[in-house]
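Pasting protein22.txt here (compact mmCIF, C-alpha atoms):
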```
# COMPACT_ATOMS: atom_id res chain seq x y z
CA MET A 2 96.70 71.99 -22.02
CA ILE A 3 93.71 72.43 -19.73
CA ASN A 4 90.46 70.82 -20.77
CA TYR A 5 87.28 72.66 -19.87
CA SER A 6 83.56 72.30 -20.34
CA VAL A 7 80.90 75.00 -20.18
CA ASN A 8 78.18 74.68 -17.56
CA PRO A 9 75.21 76.81 -16.48
CA ARG A 10 75.12 78.28 -12.98
CA ARG A 11 72.28 80.14 -11.33
CA ASN A 12 72.79 83.27 -9.28
CA PRO A 13 72.07 82.19 -5.67
CA ARG A 14 71.11 85.79 -4.82
CA ASP A 15 68.61 86.04 -7.68
CA LYS A 16 66.72 82.79 -8.13
CA GLU A 17 64.65 84.31 -10.98
CA ALA A 18 67.65 85.31 -13.09
CA ALA A 19 68.56 83.20 -16.10
CA PRO A 20 71.64 81.04 -15.57
CA LYS A 21 74.98 82.19 -16.95
CA TYR A 22 77.52 79.83 -18.48
CA TYR A 23 80.97 79.36 -17.00
CA ALA A 24 84.05 77.30 -17.81
CA THR A 25 84.80 74.35 -15.52
CA ALA A 26 88.23 72.68 -15.64
CA GLN A 27 88.09 68.97 -16.48
CA LYS A 28 90.92 66.80 -15.23
CA VAL A 29 92.54 64.46 -17.72
CA SER A 30 93.63 61.89 -15.17
CA THR A 31 94.97 61.50 -11.65
CA ILE A 32 98.53 60.60 -10.74
CA THR A 33 99.14 58.70 -7.53
CA LEU A 34 102.00 59.15 -5.09
CA ASP A 35 103.45 55.84 -6.33
CA GLU A 36 103.33 57.03 -9.96
CA LEU A 37 104.87 60.37 -9.02
CA SER A 38 107.64 58.55 -7.15
CA ASP A 39 108.28 56.35 -10.16
CA ASN A 40 108.47 59.38 -12.48
CA ILE A 41 110.89 61.16 -10.13
CA SER A 42 113.08 58.06 -9.81
CA HIS A 43 113.44 57.94 -13.61
CA ALA A 44 114.54 61.60 -13.65
CA THR A 45 117.07 61.19 -10.81
CA THR A 46 119.53 58.69 -9.37
CA ALA A 47 117.21 57.94 -6.45
CA THR A 48 115.26 54.69 -6.39
CA ARG A 49 111.46 54.68 -6.47
CA ALA A 50 111.43 53.38 -2.89
CA ASP A 51 113.76 56.18 -1.73
CA VAL A 52 111.65 58.84 -3.44
CA LEU A 53 108.45 57.37 -1.98
CA ALA A 54 110.02 57.31 1.49
CA VAL A 55 111.06 60.97 1.24
CA LEU A 56 107.70 62.12 -0.13
CA THR A 57 105.87 60.20 2.59
CA ALA A 58 108.08 61.83 5.22
CA VAL A 59 107.43 65.27 3.69
CA ILE A 60 103.68 64.69 3.87
CA ASP A 61 103.91 63.47 7.48
CA GLU A 62 105.99 66.48 8.51
CA MET A 63 103.67 68.89 6.70
CA MET A 64 100.72 67.47 8.63
CA LYS A 65 102.55 67.90 11.94
CA GLU A 66 103.55 71.48 11.18
CA LEU A 67 100.08 72.46 9.93
CA GLN A 68 98.55 71.02 13.11
CA LYS A 69 100.90 73.27 15.11
CA GLY A 70 99.58 76.28 13.16
CA ASN A 71 102.79 76.80 11.22
CA SER A 72 102.96 77.96 7.61
CA ILE A 73 105.10 75.81 5.33
CA ILE A 74 107.11 77.42 2.54
CA MET A 75 107.80 74.68 -0.01
CA GLY A 76 110.28 76.59 -2.19
CA ASP A 77 109.13 76.84 -5.80
CA VAL A 78 105.90 74.98 -5.02
CA GLY A 79 104.44 77.67 -2.76
CA THR A 80 103.16 78.08 0.77
CA PHE A 81 100.63 76.06 2.77
CA ARG A 82 98.86 77.29 5.91
CA MET A 83 95.78 76.55 7.98
CA THR A 84 92.71 78.77 7.85
CA ILE A 85 89.51 78.62 9.91
CA ASN A 86 85.91 79.64 9.34
CA SER A 87 83.62 80.64 12.17
CA LYS A 88 80.27 82.14 12.94
CA GLY A 89 80.34 85.67 14.27
CA ALA A 90 79.69 86.82 17.83
CA GLU A 91 78.27 90.15 18.89
CA THR A 92 81.35 90.93 20.99
CA ALA A 93 84.85 89.51 21.43
CA GLU A 94 83.87 88.36 24.91
CA ASP A 95 80.90 86.40 23.47
CA PHE A 96 83.14 84.48 21.07
CA ASP A 97 84.07 80.93 22.05
CA VAL A 98 85.59 77.96 20.27
CA SER A 99 82.16 76.42 19.52
CA LEU A 100 81.70 79.15 16.89
CA ILE A 101 84.63 77.78 14.86
CA LYS A 102 83.00 75.65 12.18
CA LYS A 103 85.85 74.30 10.07
CA ALA A 104 89.55 74.39 9.38
CA SER A 105 91.12 74.00 5.98
CA VAL A 106 94.50 74.10 4.34
CA ARG A 107 95.12 77.07 2.06
CA TYR A 108 97.68 76.86 -0.74
CA TYR A 109 99.40 79.97 -2.09
CA PRO A 110 101.35 79.24 -5.29
CA SER A 111 104.87 80.58 -5.72
CA LYS A 112 105.86 83.00 -8.50
CA ARG A 113 107.28 80.07 -10.45
CA VAL A 114 103.97 78.21 -10.30
CA LYS A 115 102.06 81.39 -11.18
CA ASN A 116 104.30 81.83 -14.23
CA ILE A 117 102.87 78.66 -15.79
CA TYR A 118 99.47 80.38 -15.95
CA ASP A 119 100.72 82.55 -18.84
CA SER A 120 101.65 79.52 -20.95
CA LEU A 121 98.45 77.52 -20.45
CA THR A 122 96.29 76.64 -23.41
CA PHE A 123 92.65 75.65 -23.15
CA HIS A 124 90.64 73.02 -25.01
CA LYS A 125 86.86 72.77 -24.87
CA VAL A 126 85.50 69.27 -24.18
CA PRO A 127 81.96 67.93 -23.79
CA ASN A 128 80.29 68.15 -20.38
CA ARG A 129 80.66 65.15 -18.13
CA LYS A 130 77.40 63.43 -17.35
```
Write the structure described by the file as structure tokens, please.
Amino acid sequence: MINYSVNPRRNPRDKEAAPKYYATAQKVSTITLDELSDNISHATTATRADVLAVLTAVIDEMMKELQKGNSIIMGDVGTFRMTINSKGAETAEDFDVSLIKKASVRYYPSKRVKNIYDSLTFHKVPNRK
């Protein structure tokens, strides 16, 4: 179940327009890597320490591969890849690296992850203050 609250948002292109109301997902809680490792260890024959070691190694390797510019296909989880945002230049010759403003990691969910969307239920909760 996904909790949501309803919040007003103004149209940045039309400052005079009345705000419209949109749903905003509200997290229930956060699970840490240690807690995830503990949960996995209970569902498998691996110890919590072994699971934590493997997950830590996966994270380290993902960072290395993303820094190389590689996409990472994580099976039923989905794909991760780097993207960049830049300012534009008038011509290709005028473009230089100083126009690149930020890099981010983009996540593309797999079909299996997308399939959970159909079974989600939603529950309205009060706005957080």
Which is closest to His124 (chain A) among A:Ala24, A:Met83, A:Met63, A:Ala18, if we use all atoms listed in the file?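 Once distances to His124 (chain A) are computed over all atoms listed in the file, the minimum belongs to A:Ala24.
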Quick check, in Å to one decimal: how far apart do CA of Tyr109 (chain A) and CA of Asp77 (chain A) lie?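 Those two atoms sit 10.9 Å apart.
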Which one of A:Arg113, A:Arg49, A:Arg129, A:Arg11 sits closest to Tyr23 (chain A) if you count only C-alpha atoms?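 When distances to Tyr23 (chain A) are compared using only C-alpha atoms, the smallest one comes from A:Arg11.
Nearest to Ile60 (chain A) of all the residues A:Ala93, A:Ala47, A:Leu121, A:Leu34 is A:Leu34, counting only C-alpha atoms.
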Near Thr122 (chain A), within 7 Å and counting all atoms listed in the file, which residues show up once chain neighbours fewer than 2 positions away are dropped, as a list in words?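 Near neighbours after the sequence-gap exclusion: Met2, Ile3, Ser120 and His124 of chain A.
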Closest of A:Asn86, A:Asn71, A:Ser6, A:Thr33 to Leu56 (chain A) - atom-to-atom distances counting all atoms listed in the file: A:Thr33
Can you list, as a PyMOL selection string, every protein, DNA or RNA residue that comes within 12 Å of Val106 (chain A) when you count all atoms listed in the file, leaving out same-chain residues fewer than 3 positions away? chain A and resi 63-64+66-68+70-73+80-86+103+109
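Counting from CA of Ile117 (chain A), the distance to CA of Gly76 (chain A) is 15.6 Å.
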CA of Ser38 (chain A) and CA of Glu62 (chain A) are how many Å apart? 17.6 Å
Of the candidates A:Ala58, A:Ser42, A:Ser87, A:Lys16, which shows the shortest atom-to-atom distance to Ser99 (chain A), using all atoms listed in the file? A:Ser87
Residue among A:Ile74, A:Tyr22, A:Gly89, A:Pro127 lying closest to Ile101 (chain A), counting all atoms listed in the file: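 Using all atoms listed in the file, Ile101 (chain A) sits closest to A:Gly89.
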Tell me, as a ChimeraX atom specification, which residues lie within 8 Å of Lys125 (chain A), counting only C-alpha atoms; anything in the same chain fewer than 6 positions away does not count. /A:4-7
Quick test: take region 109-126 of chain A, keep N, CA, C and O atoms, and write it as a compact mmCIF listing (two decimals), in the first residue's frame.
```txt
# COMPACT_ATOMS: atom_id res chain seq x y z
N TYR A 109 15.99 2.51 -14.67
CA TYR A 109 14.92 2.04 -15.54
C TYR A 109 14.42 0.71 -14.99
O TYR A 109 15.14 -0.29 -15.04
N PRO A 110 13.22 0.66 -14.43
CA PRO A 110 12.74 -0.58 -13.84
C PRO A 110 12.52 -1.68 -14.88
O PRO A 110 12.20 -1.39 -16.04
N SER A 111 12.69 -2.91 -14.44
CA SER A 111 12.45 -4.07 -15.31
C SER A 111 10.95 -4.30 -15.46
O SER A 111 10.14 -3.69 -14.75
N LYS A 112 10.58 -5.21 -16.36
CA LYS A 112 9.17 -5.57 -16.52
C LYS A 112 8.60 -6.11 -15.21
O LYS A 112 7.48 -5.81 -14.85
N ARG A 113 9.39 -6.90 -14.52
CA ARG A 113 8.92 -7.48 -13.26
C ARG A 113 8.60 -6.39 -12.24
O ARG A 113 7.59 -6.45 -11.55
N VAL A 114 9.46 -5.40 -12.13
CA VAL A 114 9.20 -4.28 -11.21
C VAL A 114 7.98 -3.51 -11.69
O VAL A 114 7.10 -3.16 -10.89
N LYS A 115 7.89 -3.26 -12.99
CA LYS A 115 6.74 -2.51 -13.52
C LYS A 115 5.43 -3.25 -13.25
O LYS A 115 4.38 -2.62 -13.07
N ASN A 116 5.48 -4.57 -13.22
CA ASN A 116 4.26 -5.35 -12.98
C ASN A 116 3.68 -5.10 -11.59
O ASN A 116 2.48 -5.29 -11.39
N ILE A 117 4.49 -4.67 -10.62
CA ILE A 117 3.92 -4.41 -9.30
C ILE A 117 3.05 -3.16 -9.31
O ILE A 117 2.18 -3.00 -8.46
N TYR A 118 3.24 -2.29 -10.30
CA TYR A 118 2.42 -1.07 -10.38
C TYR A 118 0.93 -1.41 -10.44
O TYR A 118 0.11 -0.70 -9.86
N ASP A 119 0.59 -2.48 -11.17
CA ASP A 119 -0.81 -2.85 -11.35
C ASP A 119 -1.47 -3.32 -10.06
O ASP A 119 -2.69 -3.26 -9.93
N SER A 120 -0.67 -3.80 -9.10
CA SER A 120 -1.25 -4.34 -7.87
C SER A 120 -1.18 -3.35 -6.69
O SER A 120 -1.59 -3.69 -5.59
N LEU A 121 -0.68 -2.15 -6.95
CA LEU A 121 -0.57 -1.17 -5.87
C LEU A 121 -1.95 -0.68 -5.44
O LEU A 121 -2.87 -0.54 -6.25
N THR A 122 -2.07 -0.43 -4.14
CA THR A 122 -3.25 0.25 -3.61
C THR A 122 -2.77 1.54 -2.97
O THR A 122 -1.60 1.65 -2.58
N PHE A 123 -3.66 2.50 -2.86
CA PHE A 123 -3.29 3.82 -2.37
C PHE A 123 -4.16 4.21 -1.19
O PHE A 123 -5.36 3.92 -1.17
N HIS A 124 -3.54 4.87 -0.21
CA HIS A 124 -4.22 5.28 1.01
C HIS A 124 -3.88 6.73 1.30
O HIS A 124 -2.71 7.07 1.47
N LYS A 125 -4.92 7.57 1.38
CA LYS A 125 -4.70 8.99 1.64
C LYS A 125 -4.36 9.20 3.12
O LYS A 125 -5.02 8.64 3.99
N VAL A 126 -3.31 10.00 3.35
CA VAL A 126 -2.89 10.34 4.71
C VAL A 126 -2.79 11.86 4.83
O VAL A 126 -2.71 12.55 3.83
```
